[in-house]
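**Student:** Below you will find the structure I want to go over with you.
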Amino acid sequence: MGETLGTLEELPQEYRDAMTAAGVAPLWPMMRNVLPHDRPNPVTKPGYWNYQALRPLLHRAGELTPVEKAERRVLVLSDPGRGAGAMQATASIYLGMQLLLPGEAAPAHVHTPSAVRIIVEGKGGYTVVDGERLPMEEGDLVLTPGGDWHDHGHDGDEPVVWLDALDLPLFYYLEGSYAVEGPLQAQRNRPDAGQVEYLSSGLVPSRKRGAGTRKYPMVRYPWTRTEAALRELIKYTDDTVAELDFVNPETGADVLPTMGFTAMMIPAGTKAAPPLQSSSGAFHVVKGRGKTTIDGETFDWGDKDTFTAPVFAKITHEAEEDSFLIRVHDRPLQEKLGYYEERAR
Ligand code: 1HN
């Protein structure tokens, strides 16, 4: 226990060459890399993206690359620990900022990873998910579960931007990531289920015998309701931060199998120091102002900024104004794998 393990260099060169020729390698020099003591040793580094800095770059992409040439016009938020161009923001979470201009349509496709949009700015954008037309308004959370057809459209007159979060790194790692393309979908002429069947929390369509429910019954969570719920909760909770998890209204489970989403309100003047968590996370500021220290790095944030935290990060938030954030995390996956954990700081 705790002894220093043997290195590759200690072994005779002819033995190392013979192992290489046989297609094998000794485990012991690599043992502590794959199984560090006590806690993981993440590659992921804390990341921060200022929206005012991204915005002109995104608009430039709008001038340079028509949506037909991009399929999806997105700037990817790369984990600083993996470097520019990395297709992930943490080990399990991909993030990108997507721009759609008035009159544009992003073609329909379906893929194995799941996507979630958090709307950043602009009016008139919509997504069609399996025939259901979902208006996109600032702060809304819109799900595109893996296996559901989706395309994006825009009836408004100003650019629309949203943050995409996908479990793409997992699917890519599993060599399970692929898409199928198709024609734009016919849209059902009615409001989405969040405005009809699931308008009111605690009420679901009557469970008549034999009436089946969709696996993902509600795919749009309007921000106006989320904010109203947080503002009410903060008045009565003993916690310094109000937190609400987005769940499937039929099952109460997390909205997707791998990714979880938590709406947070940090009141002005409040400091919050959550326990260390085995999940990694991305924080998107719907609105507010404050600063967050993650493993010793401090980020000053404002409206529409995004920042990330590796697994077991030591996180301290301080809000200057009443601040509303959505946290994207991989707790649902870790719970299914049986190792989600929180530790005292
Ligand atoms: C995707 O399908 C979308 O549908 C956005 O808007 C970003 C990033 C990687 C793979 C698929 C979209 C994506 C994506």
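By convention here, the chains of the structure tokens are called A, B, ... in the order presented, each chain's residues are numbered starting at 1, and ligands are numbered starting at 1 in the order presented.
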Compile a residue-level contact table for segment 102-215 of chain A against segment 318-331 of chain A at a cut-off of 9 Å, reporting for every qualifying residue the shortest atom pair and its distance in Å to one decimal, with only C-alpha atoms counted, rows ordered by chain and ascending number, as a tab-separated table.

**Tutor:**
residue	atom	partner	partner_atom	distance
A:Ile118	CA	A:Ile326	CA	8.4
A:Gly139	CA	A:Ile326	CA	8.6
A:Ala165	CA	A:Val328	CA	7.7
A:Asp167	CA	A:Asp330	CA	8.7

**Student:** Apply DSSP to the backbone of this structure and, from segment 53-139 of chain A, keep only the residues in strand (DSSP E); write these as a ChimeraX atom specification.

**Tutor:** /A:74-76,94-100,105-111,115-121,125-129,132-135

**Student:** Would you put the residues from that selection into a file with N, CA and C atoms, as a compact mmCIF listing (two decimals), in the first residue's frame?

**Tutor:**
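Output (selection-v2.txt):
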# COMPACT_ATOMS: atom_id res chain seq x y z
N VAL A 74 -22.17 27.04 -35.23
CA VAL A 74 -21.86 26.95 -33.81
C VAL A 74 -20.39 27.27 -33.56
N LEU A 75 -20.13 28.00 -32.48
CA LEU A 75 -18.76 28.11 -31.96
C LEU A 75 -18.68 27.24 -30.71
N VAL A 76 -17.74 26.31 -30.75
CA VAL A 76 -17.61 25.30 -29.68
C VAL A 76 -16.81 25.87 -28.52
N TYR A 94 -20.46 18.57 -23.82
CA TYR A 94 -20.12 19.44 -24.95
C TYR A 94 -20.94 20.71 -24.81
N LEU A 95 -20.32 21.87 -25.09
CA LEU A 95 -21.05 23.15 -25.12
C LEU A 95 -20.72 23.90 -26.40
N GLY A 96 -21.71 24.53 -26.97
CA GLY A 96 -21.47 25.38 -28.14
C GLY A 96 -22.50 26.50 -28.16
N MET A 97 -22.11 27.64 -28.76
CA MET A 97 -23.04 28.77 -28.95
C MET A 97 -23.49 28.74 -30.40
N GLN A 98 -24.79 28.69 -30.60
CA GLN A 98 -25.34 28.56 -31.95
C GLN A 98 -26.08 29.84 -32.37
N LEU A 99 -25.86 30.23 -33.63
CA LEU A 99 -26.50 31.43 -34.17
C LEU A 99 -27.43 31.05 -35.31
N LEU A 100 -28.64 31.58 -35.27
CA LEU A 100 -29.57 31.43 -36.39
C LEU A 100 -30.08 32.83 -36.75
N ALA A 105 -33.16 28.41 -41.82
CA ALA A 105 -33.63 27.13 -41.27
C ALA A 105 -32.43 26.20 -41.18
N ALA A 106 -32.26 25.57 -40.03
CA ALA A 106 -31.21 24.56 -39.86
C ALA A 106 -31.87 23.21 -40.11
N PRO A 107 -31.33 22.41 -41.04
CA PRO A 107 -32.04 21.23 -41.53
C PRO A 107 -32.34 20.18 -40.46
N ALA A 108 -33.33 19.35 -40.75
CA ALA A 108 -33.74 18.32 -39.80
C ALA A 108 -32.72 17.18 -39.78
N HIS A 109 -32.44 16.72 -38.58
CA HIS A 109 -31.65 15.50 -38.42
C HIS A 109 -32.00 14.85 -37.09
N VAL A 110 -31.49 13.65 -36.94
CA VAL A 110 -31.69 12.90 -35.70
C VAL A 110 -30.34 12.28 -35.38
N HIS A 111 -30.00 12.25 -34.09
CA HIS A 111 -28.72 11.63 -33.73
C HIS A 111 -28.80 10.91 -32.40
N ALA A 115 -29.38 16.57 -26.92
CA ALA A 115 -28.99 17.99 -26.87
C ALA A 115 -30.01 18.75 -26.04
N VAL A 116 -29.54 19.83 -25.42
CA VAL A 116 -30.43 20.74 -24.71
C VAL A 116 -30.01 22.15 -25.09
N ARG A 117 -30.99 23.01 -25.32
CA ARG A 117 -30.69 24.41 -25.67
C ARG A 117 -31.09 25.28 -24.49
N ILE A 118 -30.23 26.24 -24.17
CA ILE A 118 -30.60 27.31 -23.23
C ILE A 118 -30.55 28.58 -24.07
N ILE A 119 -31.70 29.27 -24.16
CA ILE A 119 -31.79 30.38 -25.09
C ILE A 119 -31.10 31.60 -24.49
N VAL A 120 -30.19 32.20 -25.28
CA VAL A 120 -29.34 33.29 -24.78
C VAL A 120 -29.91 34.65 -25.18
N GLU A 121 -30.24 34.84 -26.46
CA GLU A 121 -30.85 36.12 -26.86
C GLU A 121 -31.60 36.00 -28.18
N GLY A 125 -37.09 32.71 -32.76
CA GLY A 125 -36.52 31.40 -33.08
C GLY A 125 -37.43 30.29 -32.56
N TYR A 126 -37.37 29.16 -33.22
CA TYR A 126 -38.11 27.99 -32.71
C TYR A 126 -37.37 26.73 -33.13
N THR A 127 -37.64 25.66 -32.38
CA THR A 127 -37.13 24.34 -32.71
C THR A 127 -38.32 23.44 -32.90
N VAL A 128 -38.23 22.52 -33.85
CA VAL A 128 -39.28 21.52 -34.00
C VAL A 128 -38.68 20.18 -33.56
N VAL A 129 -39.26 19.58 -32.53
CA VAL A 129 -38.77 18.30 -32.01
C VAL A 129 -39.89 17.29 -32.18
N GLU A 132 -43.26 18.73 -32.81
CA GLU A 132 -43.79 19.72 -31.86
C GLU A 132 -42.98 21.00 -32.00
N ARG A 133 -43.67 22.09 -32.26
CA ARG A 133 -43.00 23.38 -32.45
C ARG A 133 -42.77 24.05 -31.09
N LEU A 134 -41.51 24.38 -30.82
CA LEU A 134 -41.13 24.90 -29.50
C LEU A 134 -40.56 26.30 -29.65
N PRO A 135 -41.32 27.32 -29.22
CA PRO A 135 -40.78 28.68 -29.29
C PRO A 135 -39.54 28.78 -28.39

**Student:** With distances taken over only C-alpha atoms and all ligand atoms, which of A:Glu138, A:Glu63, A:Asp17, A:Asp148 is nearest to ligand 1?

**Tutor:**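 Selected residue with least distance to ligand 1: A:Asp148.
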
**Student:** Output as a ChimeraX atom specification all residues of segment 113-339 of chain A that backbone DSSP marks as helix (DSSP H, G or I).

**Tutor:** /A:168-173,193-195,223-236,331-337

**Student:** Set the distance at 9 Å and use only C-alpha atoms: which residues neighbour Ala91 of chain A once local chain neighbours fewer than 6 positions away are removed? I'd like the list as a list of chain:residue names.

**Tutor:** A:Pro42, A:Val43, A:Thr44, A:Asp79, A:Pro169, A:Leu170, A:Ser280, A:Pro310, A:Val311

**Student:** Take the residues that were just selected and, keeping C-alpha atoms, output them as a PDB file, in the first residue's frame.

**Tutor:**
ATOM      1  CA  PRO A  42      -9.146  15.501 -14.104  1.00  0.00           C
ATOM      2  CA  VAL A  43      -7.736  16.721 -17.410  1.00  0.00           C
ATOM      3  CA  THR A  44     -10.560  19.311 -17.459  1.00  0.00           C
ATOM      4  CA  ASP A  79     -12.143  22.875 -22.298  1.00  0.00           C
ATOM      5  CA  PRO A 169     -18.327  13.270 -25.539  1.00  0.00           C
ATOM      6  CA  LEU A 170     -19.840  10.106 -24.057  1.00  0.00           C
ATOM      7  CA  SER A 280     -18.551  18.068 -13.598  1.00  0.00           C
ATOM      8  CA  PRO A 310     -14.143  19.939 -13.321  1.00  0.00           C
ATOM      9  CA  VAL A 311     -15.097  17.023 -11.070  1.00  0.00           C
TER      10      VAL A 311
END

**Student:** Just give me the gap between atom CA of Arg289 of chain A and atom CA of Val241 of chain A in Å, one decimal is fine.

**Tutor:** 14.7 Å

**Student:** Could you give me, as a list in words, the residues within 10 Å of Thr4 of chain A, counting only C-alpha atoms and dropping anything in the same chain fewer than 4 positions from it?

**Tutor:** Trp28, Pro29 and Arg32 of chain A

**Student:** Take the residues just selected and output them with all heavy atoms as a PDB file, in the first residue's frame.

**Tutor:**
ATOM      1  N   TRP A  28       1.749  -1.819 -14.419  1.00  0.00           N
ATOM      2  CA  TRP A  28       2.185  -1.105 -13.206  1.00  0.00           C
ATOM      3  C   TRP A  28       2.739   0.294 -13.438  1.00  0.00           C
ATOM      4  O   TRP A  28       2.441   1.179 -12.634  1.00  0.00           O
ATOM      5  CB  TRP A  28       3.105  -2.003 -12.350  1.00  0.00           C
ATOM      6  CG  TRP A  28       4.320  -2.551 -13.022  1.00  0.00           C
ATOM      7  CD1 TRP A  28       5.579  -2.035 -12.958  1.00  0.00           C
ATOM      8  CD2 TRP A  28       4.408  -3.718 -13.837  1.00  0.00           C
ATOM      9  NE1 TRP A  28       6.442  -2.798 -13.700  1.00  0.00           N
ATOM     10  CE2 TRP A  28       5.751  -3.840 -14.251  1.00  0.00           C
ATOM     11  CE3 TRP A  28       3.492  -4.673 -14.284  1.00  0.00           C
ATOM     12  CZ2 TRP A  28       6.201  -4.875 -15.083  1.00  0.00           C
ATOM     13  CZ3 TRP A  28       3.949  -5.708 -15.099  1.00  0.00           C
ATOM     14  CH2 TRP A  28       5.284  -5.800 -15.499  1.00  0.00           C
ATOM     15  N   PRO A  29       3.457   0.605 -14.543  1.00  0.00           N
ATOM     16  CA  PRO A  29       3.887   2.010 -14.695  1.00  0.00           C
ATOM     17  C   PRO A  29       2.716   2.962 -14.941  1.00  0.00           C
ATOM     18  O   PRO A  29       2.826   4.171 -14.733  1.00  0.00           O
ATOM     19  CB  PRO A  29       4.812   1.980 -15.924  1.00  0.00           C
ATOM     20  CG  PRO A  29       5.207   0.547 -16.076  1.00  0.00           C
ATOM     21  CD  PRO A  29       4.017  -0.240 -15.612  1.00  0.00           C
ATOM     22  N   ARG A  32      -1.098   4.240 -11.564  1.00  0.00           N
ATOM     23  CA  ARG A  32      -1.552   5.452 -10.848  1.00  0.00           C
ATOM     24  C   ARG A  32      -2.177   6.478 -11.796  1.00  0.00           C
ATOM     25  O   ARG A  32      -2.943   7.325 -11.365  1.00  0.00           O
ATOM     26  CB  ARG A  32      -0.394   6.097 -10.063  1.00  0.00           C
ATOM     27  CG  ARG A  32       0.015   5.348  -8.811  1.00  0.00           C
ATOM     28  CD  ARG A  32      -0.934   5.550  -7.608  1.00  0.00           C
ATOM     29  NE  ARG A  32      -2.151   4.746  -7.664  1.00  0.00           N
ATOM     30  CZ  ARG A  32      -2.275   3.498  -7.219  1.00  0.00           C
ATOM     31  NH1 ARG A  32      -1.289   2.889  -6.613  1.00  0.00           N
ATOM     32  NH2 ARG A  32      -3.411   2.852  -7.337  1.00  0.00           N
TER      33      ARG A  32
END

**Student:** Please determine, counting only C-alpha atoms and all ligand atoms, which residue among A:Asn41, A:His150, A:Pro36, A:Ile93 has the shortest atom-to-atom distance to ligand 1.

**Tutor:**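 Checking each of A:Asn41, A:His150, A:Pro36, A:Ile93 against ligand 1, counting only C-alpha atoms and all ligand atoms, the winner is A:His150.
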
**Student:** May I have the residues within 12 Å of Glu342 of chain A as an NGL selection string, using only C-alpha atoms and disregarding those fewer than 3 positions away in the same chain?

**Tutor:** :A and (39 or 274-280 or 311-314 or 331 or 334-335 or 339 or 345)

**Student:** Please write the residues from the selection above to a file, keeping C-alpha atoms, as a PDB file, in the first residue's frame.

**Tutor:**
ATOM      1  CA  ARG A  39      -9.931  11.143  -6.015  1.00  0.00           C
ATOM      2  CA  PRO A 274     -21.393  23.925  -2.189  1.00  0.00           C
ATOM      3  CA  PRO A 275     -19.799  20.598  -1.219  1.00  0.00           C
ATOM      4  CA  LEU A 276     -17.323  19.038  -3.627  1.00  0.00           C
ATOM      5  CA  GLN A 277     -19.207  16.956  -6.177  1.00  0.00           C
ATOM      6  CA  SER A 278     -18.038  14.022  -8.294  1.00  0.00           C
ATOM      7  CA  SER A 279     -20.007  15.505 -11.224  1.00  0.00           C
ATOM      8  CA  SER A 280     -18.551  18.068 -13.598  1.00  0.00           C
ATOM      9  CA  VAL A 311     -15.097  17.023 -11.070  1.00  0.00           C
ATOM     10  CA  PHE A 312     -14.514  17.562  -7.330  1.00  0.00           C
ATOM     11  CA  ALA A 313     -13.826  21.272  -7.926  1.00  0.00           C
ATOM     12  CA  LYS A 314     -13.876  23.616  -4.953  1.00  0.00           C
ATOM     13  CA  ARG A 331     -25.026  13.707 -11.953  1.00  0.00           C
ATOM     14  CA  GLN A 334     -23.039   9.140 -12.323  1.00  0.00           C
ATOM     15  CA  GLU A 335     -26.025   8.101 -10.217  1.00  0.00           C
ATOM     16  CA  TYR A 339     -20.690   6.509  -7.973  1.00  0.00           C
ATOM     17  CA  ARG A 345     -14.888  20.980   1.598  1.00  0.00           C
TER      18      ARG A 345
END

**Student:** So how many Å separate atom CA of Gly176 of chain A and atom CA of His152 of chain A, to one decimal?

**Tutor:** 23.9 Å

**Student:** For ligand 1, which residue out of A:Thr298, A:Thr144, A:Ser201, A:Thr251 is the nearest one, using only C-alpha atoms and all ligand atoms?

**Tutor:**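 Using only C-alpha atoms and all ligand atoms, the shortest distance to ligand 1 belongs to A:Thr144.
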
**Student:** Would you list the contacts of segment 207-224 of chain A as a list in words, taking every protein, DNA or RNA residue within 7 Å and counting only C-alpha atoms, but skipping same-chain residues closer than 4 positions in sequence?

**Tutor:**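 Selected residues are Leu134, Glu138, Gly139, Asp140, Leu141, Val142, Leu143, Ala193, Gly194, Ala228 and Asn248 of chain A.
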
**Student:** Please dump the current selection as a PDB file, in the first residue's frame; keep C-alpha atoms.

**Tutor:**
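Contents of selection_2.pdb, freshly written:
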ATOM      1  CA  LEU A 134     -41.134  24.896 -29.502  1.00  0.00           C
ATOM      2  CA  GLU A 138     -34.551  33.857 -23.344  1.00  0.00           C
ATOM      3  CA  GLY A 139     -33.692  31.420 -20.559  1.00  0.00           C
ATOM      4  CA  ASP A 140     -35.962  28.652 -21.869  1.00  0.00           C
ATOM      5  CA  LEU A 141     -34.624  25.107 -21.638  1.00  0.00           C
ATOM      6  CA  VAL A 142     -35.492  23.036 -24.706  1.00  0.00           C
ATOM      7  CA  LEU A 143     -34.660  19.328 -24.891  1.00  0.00           C
ATOM      8  CA  ALA A 193     -47.056  20.126 -24.182  1.00  0.00           C
ATOM      9  CA  GLY A 194     -45.561  22.453 -21.557  1.00  0.00           C
ATOM     10  CA  ALA A 228     -41.060  32.733 -10.738  1.00  0.00           C
ATOM     11  CA  ASN A 248     -39.775  14.745 -16.373  1.00  0.00           C
TER      12      ASN A 248
END

**Student:** Need the shell around Ser177 of chain A: protein/DNA/RNA residues with any atom at most 9 Å away, counting only C-alpha atoms. Skip same-chain ones fewer than 2 positions apart. Format as a PyMOL selection string?

**Tutor:** chain A and resi 111-113+168-175+179

**Student:** Let's have the selection written as a PDB file, in the first residue's frame, with N, CA and C atoms.

**Tutor:**
ATOM      1  N   HIS A 111     -30.003  12.248 -34.087  1.00  0.00           N
ATOM      2  CA  HIS A 111     -28.721  11.631 -33.734  1.00  0.00           C
ATOM      3  C   HIS A 111     -28.799  10.913 -32.397  1.00  0.00           C
ATOM      4  N   THR A 112     -27.757  10.156 -32.134  1.00  0.00           N
ATOM      5  CA  THR A 112     -27.733   9.348 -30.908  1.00  0.00           C
ATOM      6  C   THR A 112     -27.514  10.198 -29.651  1.00  0.00           C
ATOM      7  N   PRO A 113     -26.622  11.211 -29.653  1.00  0.00           N
ATOM      8  CA  PRO A 113     -26.502  12.016 -28.426  1.00  0.00           C
ATOM      9  C   PRO A 113     -27.753  12.867 -28.205  1.00  0.00           C
ATOM     10  N   LEU A 168     -22.493  14.557 -26.100  1.00  0.00           N
ATOM     11  CA  LEU A 168     -21.699  14.078 -27.233  1.00  0.00           C
ATOM     12  C   LEU A 168     -20.379  13.390 -26.833  1.00  0.00           C
ATOM     13  N   PRO A 169     -19.594  13.934 -25.861  1.00  0.00           N
ATOM     14  CA  PRO A 169     -18.327  13.270 -25.539  1.00  0.00           C
ATOM     15  C   PRO A 169     -18.500  11.800 -25.147  1.00  0.00           C
ATOM     16  N   LEU A 170     -19.593  11.504 -24.465  1.00  0.00           N
ATOM     17  CA  LEU A 170     -19.840  10.106 -24.057  1.00  0.00           C
ATOM     18  C   LEU A 170     -20.101   9.238 -25.274  1.00  0.00           C
ATOM     19  N   PHE A 171     -20.964   9.739 -26.151  1.00  0.00           N
ATOM     20  CA  PHE A 171     -21.329   8.949 -27.338  1.00  0.00           C
ATOM     21  C   PHE A 171     -20.127   8.779 -28.262  1.00  0.00           C
ATOM     22  N   TYR A 172     -19.311   9.810 -28.342  1.00  0.00           N
ATOM     23  CA  TYR A 172     -18.121   9.738 -29.179  1.00  0.00           C
ATOM     24  C   TYR A 172     -17.134   8.725 -28.595  1.00  0.00           C
ATOM     25  N   TYR A 173     -16.943   8.772 -27.301  1.00  0.00           N
ATOM     26  CA  TYR A 173     -16.047   7.847 -26.600  1.00  0.00           C
ATOM     27  C   TYR A 173     -16.507   6.403 -26.798  1.00  0.00           C
ATOM     28  N   LEU A 174     -17.816   6.213 -26.792  1.00  0.00           N
ATOM     29  CA  LEU A 174     -18.393   4.867 -26.966  1.00  0.00           C
ATOM     30  C   LEU A 174     -18.428   4.443 -28.441  1.00  0.00           C
ATOM     31  N   GLU A 175     -17.950   5.328 -29.320  1.00  0.00           N
ATOM     32  CA  GLU A 175     -18.049   5.105 -30.767  1.00  0.00           C
ATOM     33  C   GLU A 175     -19.501   4.843 -31.162  1.00  0.00           C
ATOM     34  N   ALA A 179     -25.481  10.620 -37.008  1.00  0.00           N
ATOM     35  CA  ALA A 179     -26.717  11.354 -37.322  1.00  0.00           C
ATOM     36  C   ALA A 179     -27.318  10.840 -38.616  1.00  0.00           C
TER      37      ALA A 179
END

**Student:** Separation of atom CA of Pro159 of chain A and atom 5 (C, counted along the ligand's line) of ligand 1, in Å?

**Tutor:**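 Between atom CA of Pro159 of chain A and atom 5 (C, counted along the ligand's line) of ligand 1 the gap works out to 16.4 Å.
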
**Student:** Go through A:Pro40, A:Pro102, A:Gly83, A:Gly153 one by one, measure the shortest atom-to-atom distance of each to ligand 1 using only C-alpha atoms and all ligand atoms, and give the residue with the smallest value.

**Tutor:**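 Under the stated criterion, the closest residue is A:Gly153.
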